[in-house]
Amino acid sequence: MAARAWWRDFELNGTVLHVRKTGARVPVEPGVIGEFLSWLHFYMEVELERRAGTADGPSIWFAPDAPRPWYLIWPALQLSGMRLARAADEADLAMFFEDRTTGESPRTDRPVINAHCPDTSKTAVGQAFERATGRALIVDPEHHTGPMVEKGEANGIHDGQVVEGPCQPIPGKSYQRLIDNLAADGMVEDLRCPTVGGEVAAVFLKRRPVATRFANANAQVRLLDRDKVFSSEERDLIRRFCAELGLDWGGLDVLRDRKDGQLWIVDANKTDMGPPTALPLRQKLASTRAIGSRLREYCETLIKSSPGADA
């Protein structure tokens with residue numbers, strides 16, 4: 001099912017695009033326009049492939065919101081033959097989907113993806129990471145000496161900055177240790193990892209200048225082989241983290257410390273957008289197909305194992 005009237009989610013005020021749902025404000029600049037055109041090309045290719053294919057997979061009801069085309073879940077569904085249901089009683093399963101940091105899972109007798117993930121704040125992410133690994137990501141700004149990362153708790157605001165401790169904490173902010181993810185050429189490298197059922201479904205290497213390390217725009221993006229990026233122990237770490245956070249579907253920001261090679265999961269989002277606009281079209285489609293295939297397998301397993309499945 002194609003998205004309907006998705007453009008109504010935005011309001012243009014002069015040179016600023018206002019996102020009605022989240023309140024985010026996006027300056028309309030040449031770079032933003034270029035990213036939109038790149039996304040639109042991908043969207044049209046997905047629509048063409050969807051119409052040529054067969055929607056014979058499970059159907060999902062999303063609540064409280066339905067995903068728009070720029071969320072990764074939308075093209076993943078289209079390219080895997082899955083369907084978006086209009087109501088809970090028409091669906092095989094449901095997904096708790098809301099582009100806010102905290103919320104309450106929908107109530108239905110269907111299996112619910114992300115039902116146990118009500119909070120994706122930076123503090124919740126840090127606590128889940130520490131439970132999964134025994135390593136503390138969150139620091140106390142009043143007692144931490146040296147550089148640290150100050151971030152807003154909410155999802156998708158990209159307001160991180162490096163500050164010096166000790167300092168007085170600001171309400172609504174979270175403080176994390178600064179991970180050294182600087183490459184030899186002076187660019188910082190993040191691993192964006194869409195996950196399904198705790199398994200990494202794809203890995204996008206995102207590179208930015210250190211001066212804009214917390215921005216949403218990427219200088220370079222590459223699709224990596226997930227089986228070559230992480231060891232079996234690291235994949236176990238990611239599974240444990242997702243289990244601790246209750247994340248069945250979502251995107252992780254994973255950093256590898258260049259000094260000791262350790263992984264740090266510094267952010268998680270259950271309404272992940274993507275694939276990255278800077279990725280070549282062929283890689284966008286290939287990675288989304290792989291993610292969609294993993295999602296379909298996971299959904300089919302949930303349905304088979306749910307109470308009353310054999311009734």
# chains A, B, ... in the order shown; residues from 1 in each chain; ligands from 1

call {"tool": "select_by_dssp", "arguments": {"residues": "range 121-163 of chain A", "states": "strand (DSSP E)", "output": "ChimeraX atom specification"}}
result
/A:146-152,161-163

call {"tool": "residues_around", "arguments": {"residues": "Arg296 in chain A", "least_positions_apart": "4", "cutoff": "12 Å", "atoms": "only C-alpha atoms", "output": "ChimeraX atom specification"}}
result
/A:55-60,73,76-83,92-93,196-197,201,249,289-292,300-303

call {"tool": "residues_around", "arguments": {"residues": "Arg135 in chain A", "least_positions_apart": "6", "cutoff": "10 Å", "atoms": "only C-alpha atoms", "output": "ChimeraX atom specification"}}
result
/A:126-127,129,264

call {"tool": "residues_around", "arguments": {"residues": "Phe62 in chain A", "least_positions_apart": "6", "cutoff": "8 Å", "atoms": "only C-alpha atoms", "output": "compact mmCIF listing (two decimals) with C-alpha atoms, in the first residue's frame"}}
result
# COMPACT_ATOMS: atom_id res chain seq x y z
CA LEU A 84 0.44 -2.24 5.73
CA ALA A 85 -2.88 -3.02 7.42
CA ALA A 94 1.42 -4.93 14.93
CA MET A 95 4.29 -2.52 15.42
CA PHE A 96 4.61 0.15 18.09
CA PHE A 97 5.58 3.05 15.86

call {"tool": "residues_around", "arguments": {"residues": "Leu72 in chain A", "least_positions_apart": "2", "cutoff": "7 Å", "atoms": "only C-alpha atoms", "output": "PDB file with N, CA and C atoms, in the first residue's frame"}}
result
ATOM      1  N   TRP A  70       9.839   8.001   4.141  1.00  0.00           N
ATOM      2  CA  TRP A  70      11.236   8.263   4.476  1.00  0.00           C
ATOM      3  C   TRP A  70      11.716   7.429   5.660  1.00  0.00           C
ATOM      4  N   TRP A  74       9.295   1.570   5.812  1.00  0.00           N
ATOM      5  CA  TRP A  74       8.355   1.657   4.684  1.00  0.00           C
ATOM      6  C   TRP A  74       8.918   0.992   3.419  1.00  0.00           C
ATOM      7  N   PRO A  75      10.095   1.387   2.911  1.00  0.00           N
ATOM      8  CA  PRO A  75      10.598   0.680   1.726  1.00  0.00           C
ATOM      9  C   PRO A  75      10.941  -0.777   2.023  1.00  0.00           C
ATOM     10  N   ALA A  76      11.346  -1.091   3.265  1.00  0.00           N
ATOM     11  CA  ALA A  76      11.638  -2.488   3.605  1.00  0.00           C
ATOM     12  C   ALA A  76      10.392  -3.350   3.448  1.00  0.00           C
ATOM     13  N   ASP A 272      13.632   4.442  12.675  1.00  0.00           N
ATOM     14  CA  ASP A 272      14.831   4.735  11.895  1.00  0.00           C
ATOM     15  C   ASP A 272      14.475   5.212  10.493  1.00  0.00           C
ATOM     16  N   MET A 273      15.170   6.237  10.032  1.00  0.00           N
ATOM     17  CA  MET A 273      15.000   6.709   8.662  1.00  0.00           C
ATOM     18  C   MET A 273      16.082   6.098   7.779  1.00  0.00           C
ATOM     19  N   GLY A 274      15.849   6.121   6.479  1.00  0.00           N
ATOM     20  CA  GLY A 274      16.883   5.585   5.598  1.00  0.00           C
ATOM     21  C   GLY A 274      16.299   4.863   4.403  1.00  0.00           C
ATOM     22  N   PRO A 275      17.231   4.300   3.616  1.00  0.00           N
ATOM     23  CA  PRO A 275      18.679   4.278   3.791  1.00  0.00           C
ATOM     24  C   PRO A 275      19.288   5.665   3.583  1.00  0.00           C
TER      25      PRO A 275
END

call {"tool": "atom_distance", "arguments": {"atom1": "CA of Ala88 in chain A", "atom2": "CA of Trp61 in chain A"}}
result
5.6 Å

call {"tool": "residues_around", "arguments": {"residues": "His41 in chain A", "least_positions_apart": "2", "cutoff": "12 Å", "atoms": "only C-alpha atoms", "output": "ChimeraX atom specification"}}
result
/A:34-39,43-48,70,277,280-282,284-285

call {"tool": "atom_distance", "arguments": {"atom1": "CA of Lys304 in chain A", "atom2": "CA of Arg110 in chain A"}}
result
11.5 Å

call {"tool": "residues_around", "arguments": {"residues": "Asp180 in chain A", "least_positions_apart": "2", "cutoff": "12 Å", "atoms": "only C-alpha atoms", "output": "PyMOL selection string"}}
result
chain A and resi 147-149+162+177-178+182-184+186-190+210+213+254-264

call {"tool": "write_last_selection", "arguments": {"atoms": "N, CA and C atoms", "output": "PDB file, in the first residue's frame"}}
result
ATOM      1  N   PRO A 147      36.938  16.051  28.320  1.00  0.00           N
ATOM      2  CA  PRO A 147      35.866  16.176  27.331  1.00  0.00           C
ATOM      3  C   PRO A 147      34.810  15.079  27.470  1.00  0.00           C
ATOM      4  N   MET A 148      33.581  15.435  27.174  1.00  0.00           N
ATOM      5  CA  MET A 148      32.452  14.506  27.163  1.00  0.00           C
ATOM      6  C   MET A 148      31.432  15.043  26.171  1.00  0.00           C
ATOM      7  N   VAL A 149      30.448  14.222  25.844  1.00  0.00           N
ATOM      8  CA  VAL A 149      29.436  14.613  24.859  1.00  0.00           C
ATOM      9  C   VAL A 149      28.140  14.969  25.574  1.00  0.00           C
ATOM     10  N   VAL A 162      30.668  18.637  22.172  1.00  0.00           N
ATOM     11  CA  VAL A 162      31.692  18.252  23.129  1.00  0.00           C
ATOM     12  C   VAL A 162      31.858  19.384  24.138  1.00  0.00           C
ATOM     13  N   ARG A 177      30.440   9.528  27.582  1.00  0.00           N
ATOM     14  CA  ARG A 177      31.879   9.594  27.347  1.00  0.00           C
ATOM     15  C   ARG A 177      32.135   9.859  25.866  1.00  0.00           C
ATOM     16  N   LEU A 178      33.205  10.555  25.572  1.00  0.00           N
ATOM     17  CA  LEU A 178      33.567  10.869  24.199  1.00  0.00           C
ATOM     18  C   LEU A 178      34.352   9.695  23.621  1.00  0.00           C
ATOM     19  N   LEU A 182      37.828   8.818  15.394  1.00  0.00           N
ATOM     20  CA  LEU A 182      38.463   9.620  14.363  1.00  0.00           C
ATOM     21  C   LEU A 182      39.343   8.740  13.478  1.00  0.00           C
ATOM     22  N   ALA A 183      39.128   8.816  12.168  1.00  0.00           N
ATOM     23  CA  ALA A 183      39.933   8.057  11.217  1.00  0.00           C
ATOM     24  C   ALA A 183      41.248   8.786  10.931  1.00  0.00           C
ATOM     25  N   ALA A 184      42.149   8.108  10.236  1.00  0.00           N
ATOM     26  CA  ALA A 184      43.475   8.673   9.974  1.00  0.00           C
ATOM     27  C   ALA A 184      43.413   9.947   9.145  1.00  0.00           C
ATOM     28  N   GLY A 186      41.223  12.315   9.425  1.00  0.00           N
ATOM     29  CA  GLY A 186      40.583  13.393  10.152  1.00  0.00           C
ATOM     30  C   GLY A 186      39.067  13.384  10.116  1.00  0.00           C
ATOM     31  N   MET A 187      38.477  12.371   9.494  1.00  0.00           N
ATOM     32  CA  MET A 187      37.022  12.233   9.464  1.00  0.00           C
ATOM     33  C   MET A 187      36.580  11.308  10.605  1.00  0.00           C
ATOM     34  N   VAL A 188      35.400  11.607  11.166  1.00  0.00           N
ATOM     35  CA  VAL A 188      34.842  10.687  12.152  1.00  0.00           C
ATOM     36  C   VAL A 188      33.989   9.652  11.423  1.00  0.00           C
ATOM     37  N   GLU A 189      33.942   8.432  11.972  1.00  0.00           N
ATOM     38  CA  GLU A 189      33.236   7.333  11.324  1.00  0.00           C
ATOM     39  C   GLU A 189      32.230   6.717  12.278  1.00  0.00           C
ATOM     40  N   ASP A 190      30.973   6.688  11.845  1.00  0.00           N
ATOM     41  CA  ASP A 190      29.902   6.037  12.590  1.00  0.00           C
ATOM     42  C   ASP A 190      29.423   4.829  11.809  1.00  0.00           C
ATOM     43  N   VAL A 210      35.240  16.198  11.484  1.00  0.00           N
ATOM     44  CA  VAL A 210      35.134  16.216  12.937  1.00  0.00           C
ATOM     45  C   VAL A 210      34.390  17.454  13.422  1.00  0.00           C
ATOM     46  N   ARG A 213      30.671  16.507  13.528  1.00  0.00           N
ATOM     47  CA  ARG A 213      30.527  15.097  13.876  1.00  0.00           C
ATOM     48  C   ARG A 213      29.124  14.737  14.339  1.00  0.00           C
ATOM     49  N   VAL A 254      26.599   2.951  16.174  1.00  0.00           N
ATOM     50  CA  VAL A 254      27.676   2.195  16.803  1.00  0.00           C
ATOM     51  C   VAL A 254      29.012   2.848  16.461  1.00  0.00           C
ATOM     52  N   LEU A 255      29.826   3.091  17.482  1.00  0.00           N
ATOM     53  CA  LEU A 255      31.148   3.670  17.300  1.00  0.00           C
ATOM     54  C   LEU A 255      32.204   2.659  17.726  1.00  0.00           C
ATOM     55  N   ARG A 256      33.307   2.620  16.989  1.00  0.00           N
ATOM     56  CA  ARG A 256      34.435   1.778  17.371  1.00  0.00           C
ATOM     57  C   ARG A 256      35.586   2.686  17.811  1.00  0.00           C
ATOM     58  N   ASP A 257      36.016   2.515  19.040  1.00  0.00           N
ATOM     59  CA  ASP A 257      37.111   3.316  19.568  1.00  0.00           C
ATOM     60  C   ASP A 257      38.409   2.921  18.856  1.00  0.00           C
ATOM     61  N   ARG A 258      39.077   3.896  18.248  1.00  0.00           N
ATOM     62  CA  ARG A 258      40.257   3.578  17.447  1.00  0.00           C
ATOM     63  C   ARG A 258      41.440   3.142  18.307  1.00  0.00           C
ATOM     64  N   LYS A 259      41.413   3.445  19.614  1.00  0.00           N
ATOM     65  CA  LYS A 259      42.538   3.107  20.479  1.00  0.00           C
ATOM     66  C   LYS A 259      42.523   1.643  20.907  1.00  0.00           C
ATOM     67  N   ASP A 260      41.335   1.150  21.300  1.00  0.00           N
ATOM     68  CA  ASP A 260      41.269  -0.237  21.790  1.00  0.00           C
ATOM     69  C   ASP A 260      40.340  -1.129  20.983  1.00  0.00           C
ATOM     70  N   GLY A 261      39.634  -0.554  19.964  1.00  0.00           N
ATOM     71  CA  GLY A 261      38.767  -1.344  19.105  1.00  0.00           C
ATOM     72  C   GLY A 261      37.428  -1.703  19.696  1.00  0.00           C
ATOM     73  N   GLN A 262      37.132  -1.244  20.912  1.00  0.00           N
ATOM     74  CA  GLN A 262      35.859  -1.607  21.537  1.00  0.00           C
ATOM     75  C   GLN A 262      34.682  -0.900  20.870  1.00  0.00           C
ATOM     76  N   LEU A 263      33.536  -1.602  20.859  1.00  0.00           N
ATOM     77  CA  LEU A 263      32.302  -1.021  20.326  1.00  0.00           C
ATOM     78  C   LEU A 263      31.533  -0.299  21.422  1.00  0.00           C
ATOM     79  N   TRP A 264      30.911   0.808  21.026  1.00  0.00           N
ATOM     80  CA  TRP A 264      30.026   1.560  21.907  1.00  0.00           C
ATOM     81  C   TRP A 264      28.753   1.882  21.135  1.00  0.00           C
TER      82      TRP A 264
END

call {"tool": "select_by_dssp", "arguments": {"residues": "range 42-256 of chain A", "states": "alpha helix (DSSP H)", "output": "VMD selection string"}}
result
chain A and resid 42 to 52 73 to 80 122 to 133 226 to 229 232 to 245

call {"tool": "atom_distance", "arguments": {"atom1": "CA of Ile157 in chain A", "atom2": "CA of Ala215 in chain A"}}
result
9.2 Å

call {"tool": "closest_residue", "arguments": {"among": "A:Asp140, A:Val200, A:Ala128, A:Glu98", "to": "Lys228 in chain A", "atoms": "only C-alpha atoms"}}
result
A:Val200

call {"tool": "closest_residue", "arguments": {"among": "A:Thr271, A:Thr123, A:Ser306, A:Asn155", "to": "Pro194 in chain A", "atoms": "only C-alpha atoms"}}
result
A:Thr271
